[in-house]
Amino acid sequence: MQLYGHLPFTVVIRAKVNITPIANATIELGIGVAATTAAPTDGAFYRWAPDGTFRCVINNNGVETTSAALAAPAINNEHIFEIDVVEDNVFFTLDDVVIATVPVPATQAYPVNNGRQTLFARTFNGGTSPATAPQLAIGQVNIVQEDLNQNKLWKEILVSLGRGFYNKPITPYTQTANHANSTDPASATLSNTAAGYTTLGGRYQFAAVVGAATDYALFAFQIPATYQLNLSGIRITSLLTGAAIAGTATVLDWSLGLNASAVSLATAESPPATYAPRRIPLGMQGFPLVAPNGPLQIGDAPPDIVCNFDPPLIVDGGRFVHVIVEIPVGTATASQVFRGDVQLNGYFE
């Protein structure tokens with residue numbers, strides 16, 4: 001969930017609990033960054049605390065600011081928990097009544113540190129078992145980010161926020177393509193089960209191989225969790241380096257693999273444990289043994305493959321997008337190398 005600092009952000013959760021705050025039991029509900037039983041490191045949430053209190057909490061980079069102790073919600077009844085985040089305050093509402101306003105401390109710039117928050121809910125026990133095991137049941141969840149009508153397409157807004165496909169949408173926000181400054185790409189080891197490159201396209205090269213009906217995972221990029229890649233196009237350029245075509249023509253058969261649960265193109269389709277890639281054919285490029293002007297030489301290149309996708313292709317968070325090449329015809333000519341570029345277009349949402 002993306003927060004726009006200057007505009008309100010609202011989370012509404014319908015939920016119920018089975019306990020009032022008791023010793024050795026914790027329940028937390030809201031938005032934030034939380035793992036195991038450690039205190040959240042960011043967020044805004046309700047807390048049924050093991051010290052017997054019910055409080056509303058904001059957390060900026062591990063620094064908590066809490067409300068006073070409040071009357072806990074009645075147990076075993078559905079309640080509407082609402083959190084409204086603005087620049088300098090967070091309003092906590094229970095059943096349409098504001099029960100706490102937690103101001104942002106003067107030393108902090110915003111209620112939370114991370115501009116992208118995750119909905120979370122958890123229960124856990126302390127060192128000994130509580131008198132009653134805590135339970136949290138969640139019904140409907142609504143999340144609203146208010147925004148202005150900027151007369152832009154949604155994809156244009158996302159790109160303006162740094163969500164273009166060319167940089168990772170999470171820290172350290174590095175380049176996604178294999179394209180280092182003034183550097184030739186390292187030669188990929190072609191494999192059906194391992195990635196030649198773990199980037200979202202970019203420069204590539206690989207040594208000529210014997211033709212076979214084998215899909216090679218030339219590129220395999222894992223989409224960061226909580227994001228989707230909207231893939232709107234691809235361009236593939238290939239050319240010959242190292243040695244001229246001799247003995248056997250070469251054919252490059254290109255395709256995309258979408259939403260695989262692992263790097264290997266041999267991943268079995270066995271939901272919900274594993275998911276095979278959804279393959280999309282893109283086209284072929286040929287390096288003929290006898291071209292119109294004689295055998296192909298170093299630097300010769302077939303036409304680029306250009307594909308546009310409307311609507312865009314979607315790859316979900318945690319899944320892989322593969323750029324696949326099969327070489328059904330070819331020979332392992334010594335020193336013969338194929339080099340090129342794979343450019344993908346799109347944005348993260």
# chains A, B, ... in the order shown; residues from 1 in each chain; ligands from 1
$ select_by_dssp --residues "region 91-297 of chain A" --states "helix (DSSP H, G or I)" --output "list in words"
Trp154, Lys155, Glu156, Ile157, Leu158, Val159 and Ser160 of chain A
$ write_last_selection --atoms "N, CA, C and O atoms" --output "mmCIF file, in the first residue's frame"
data_model
loop_
_atom_site.group_PDB
_atom_site.id
_atom_site.type_symbol
_atom_site.label_atom_id
_atom_site.label_comp_id
_atom_site.auth_asym_id
_atom_site.auth_seq_id
_atom_site.Cartn_x
_atom_site.Cartn_y
_atom_site.Cartn_z
ATOM 1 N N TRP A 154 -3.015 6.025 -14.917
ATOM 2 C CA TRP A 154 -2.470 5.436 -13.693
ATOM 3 C C TRP A 154 -1.034 4.991 -13.886
ATOM 4 O O TRP A 154 -0.178 5.192 -13.017
ATOM 5 N N LYS A 155 -0.712 4.414 -15.035
ATOM 6 C CA LYS A 155 0.658 3.966 -15.269
ATOM 7 C C LYS A 155 1.626 5.144 -15.305
ATOM 8 O O LYS A 155 2.782 5.023 -14.884
ATOM 9 N N GLU A 156 1.166 6.304 -15.786
ATOM 10 C CA GLU A 156 2.024 7.482 -15.806
ATOM 11 C C GLU A 156 2.288 7.982 -14.389
ATOM 12 O O GLU A 156 3.398 8.438 -14.064
ATOM 13 N N ILE A 157 1.272 7.905 -13.528
ATOM 14 C CA ILE A 157 1.449 8.308 -12.134
ATOM 15 C C ILE A 157 2.444 7.388 -11.442
ATOM 16 O O ILE A 157 3.346 7.832 -10.716
ATOM 17 N N LEU A 158 2.318 6.081 -11.678
ATOM 18 C CA LEU A 158 3.227 5.129 -11.045
ATOM 19 C C LEU A 158 4.670 5.378 -11.475
ATOM 20 O O LEU A 158 5.588 5.360 -10.655
ATOM 21 N N VAL A 159 4.876 5.607 -12.762
ATOM 22 C CA VAL A 159 6.235 5.852 -13.246
ATOM 23 C C VAL A 159 6.786 7.133 -12.637
ATOM 24 O O VAL A 159 7.968 7.213 -12.280
ATOM 25 N N SER A 160 5.940 8.160 -12.478
ATOM 26 C CA SER A 160 6.407 9.409 -11.879
ATOM 27 C C SER A 160 6.789 9.221 -10.416
ATOM 28 O O SER A 160 7.548 10.023 -9.859
#
$ residues_around --residues "Trp48 (chain A)" --least-positions-apart "4" --cutoff "7 Å" --atoms "only C-alpha atoms" --output "ChimeraX atom specification"
/A:21,26-28,53-55
$ residues_around --residues "Phe91 (chain A)" --least-positions-apart "3" --cutoff "7 Å" --atoms "only C-alpha atoms" --output "list of chain:residue names"
A:Ile83, A:Asp84, A:Val85, A:Val98, A:Ala100, A:Thr101, A:Val102
$ closest_atom_pairs --of "region 60-125 of chain A" --to "region 168-183 of chain A" --cutoff "12 Å" --atoms "only C-alpha atoms" --output "Markdown table"
| residue | atom | partner | partner_atom | distance |
| --- | --- | --- | --- | --- |
| A:Asn114 | CA | A:Ile170 | CA | 10.5 |
| A:Gly115 | CA | A:Ile170 | CA | 10.6 |
| A:Arg116 | CA | A:Ile170 | CA | 9.4 |
| A:Gln117 | CA | A:Ile170 | CA | 11.9 |
$ closest_atom_pairs --of "region 318-337 of chain A" --to "region 241-265 of chain A" --cutoff "6 Å" --atoms "only C-alpha atoms" --output "Markdown table"
| residue | atom | partner | partner_atom | distance |
| --- | --- | --- | --- | --- |
| A:Arg319 | CA | A:Asn259 | CA | 4.9 |
| A:Phe320 | CA | A:Ala260 | CA | 5.2 |
| A:Val321 | CA | A:Leu258 | CA | 4.9 |
| A:His322 | CA | A:Gly257 | CA | 4.6 |
| A:Val323 | CA | A:Leu256 | CA | 4.9 |
| A:Ile324 | CA | A:Ser255 | CA | 5.1 |
| A:Val325 | CA | A:Trp254 | CA | 4.6 |
| A:Glu326 | CA | A:Asp253 | CA | 4.9 |
| A:Ile327 | CA | A:Leu252 | CA | 5.0 |
| A:Val329 | CA | A:Thr250 | CA | 5.1 |
| A:Gly330 | CA | A:Thr250 | CA | 4.3 |
| A:Ser335 | CA | A:Gly242 | CA | 5.2 |
| A:Gln336 | CA | A:Ala243 | CA | 4.5 |
| A:Val337 | CA | A:Thr241 | CA | 5.1 |
$ atom_distance --atom1 "CA of Asn89 (chain A)" --atom2 "CA of Val12 (chain A)"
16.8 Å
$ closest_residue --among "A:Asn345, A:Gln205, A:Asn18, A:Thr41" --to "Leu239 (chain A)" --atoms "only C-alpha atoms"
A:Gln205
$ residues_around --residues "Gly317 (chain A)" --least-positions-apart "6" --cutoff "12 Å" --atoms "only C-alpha atoms" --output "PyMOL selection string"
chain A and resi 169+221-230+258-261+348-349
$ residues_around --residues "Val33 (chain A)" --least-positions-apart "5" --cutoff "8 Å" --atoms "only C-alpha atoms" --output "list in words"
Pro40, Thr41, Asp42, Gly43, Gln117, Thr118 and Phe120 of chain A
$ write_last_selection --atoms "N, CA, C and O atoms" --output "mmCIF file, in the first residue's frame"
data_model
loop_
_atom_site.group_PDB
_atom_site.id
_atom_site.type_symbol
_atom_site.label_atom_id
_atom_site.label_comp_id
_atom_site.auth_asym_id
_atom_site.auth_seq_id
_atom_site.Cartn_x
_atom_site.Cartn_y
_atom_site.Cartn_z
ATOM 1 N N PRO A 40 6.846 -4.269 16.172
ATOM 2 C CA PRO A 40 6.870 -3.726 14.810
ATOM 3 C C PRO A 40 7.927 -2.633 14.677
ATOM 4 O O PRO A 40 8.237 -1.919 15.639
ATOM 5 N N THR A 41 8.472 -2.510 13.499
ATOM 6 C CA THR A 41 9.485 -1.487 13.240
ATOM 7 C C THR A 41 8.930 -0.307 12.459
ATOM 8 O O THR A 41 9.673 0.614 12.123
ATOM 9 N N ASP A 42 7.634 -0.293 12.175
ATOM 10 C CA ASP A 42 7.004 0.806 11.466
ATOM 11 C C ASP A 42 5.501 0.551 11.474
ATOM 12 O O ASP A 42 5.063 -0.599 11.574
ATOM 13 N N GLY A 43 4.683 1.608 11.399
ATOM 14 C CA GLY A 43 3.275 1.378 11.195
ATOM 15 C C GLY A 43 2.352 2.189 12.087
ATOM 16 O O GLY A 43 2.767 3.088 12.826
ATOM 17 N N GLN A 117 3.298 0.565 3.147
ATOM 18 C CA GLN A 117 2.970 -0.211 4.330
ATOM 19 C C GLN A 117 2.213 -1.486 3.951
ATOM 20 O O GLN A 117 1.600 -1.575 2.891
ATOM 21 N N THR A 118 2.267 -2.445 4.854
ATOM 22 C CA THR A 118 1.596 -3.724 4.669
ATOM 23 C C THR A 118 0.527 -3.896 5.746
ATOM 24 O O THR A 118 0.766 -3.594 6.918
ATOM 25 N N PHE A 120 -1.296 -5.836 8.459
ATOM 26 C CA PHE A 120 -0.882 -6.986 9.248
ATOM 27 C C PHE A 120 -1.817 -7.199 10.431
ATOM 28 O O PHE A 120 -2.466 -6.274 10.928
#
$ select_by_dssp --residues "region 231-328 of chain A" --states "strand (DSSP E)" --output "ChimeraX atom specification"
/A:231-241,250-260,278-287,305-315,320-328
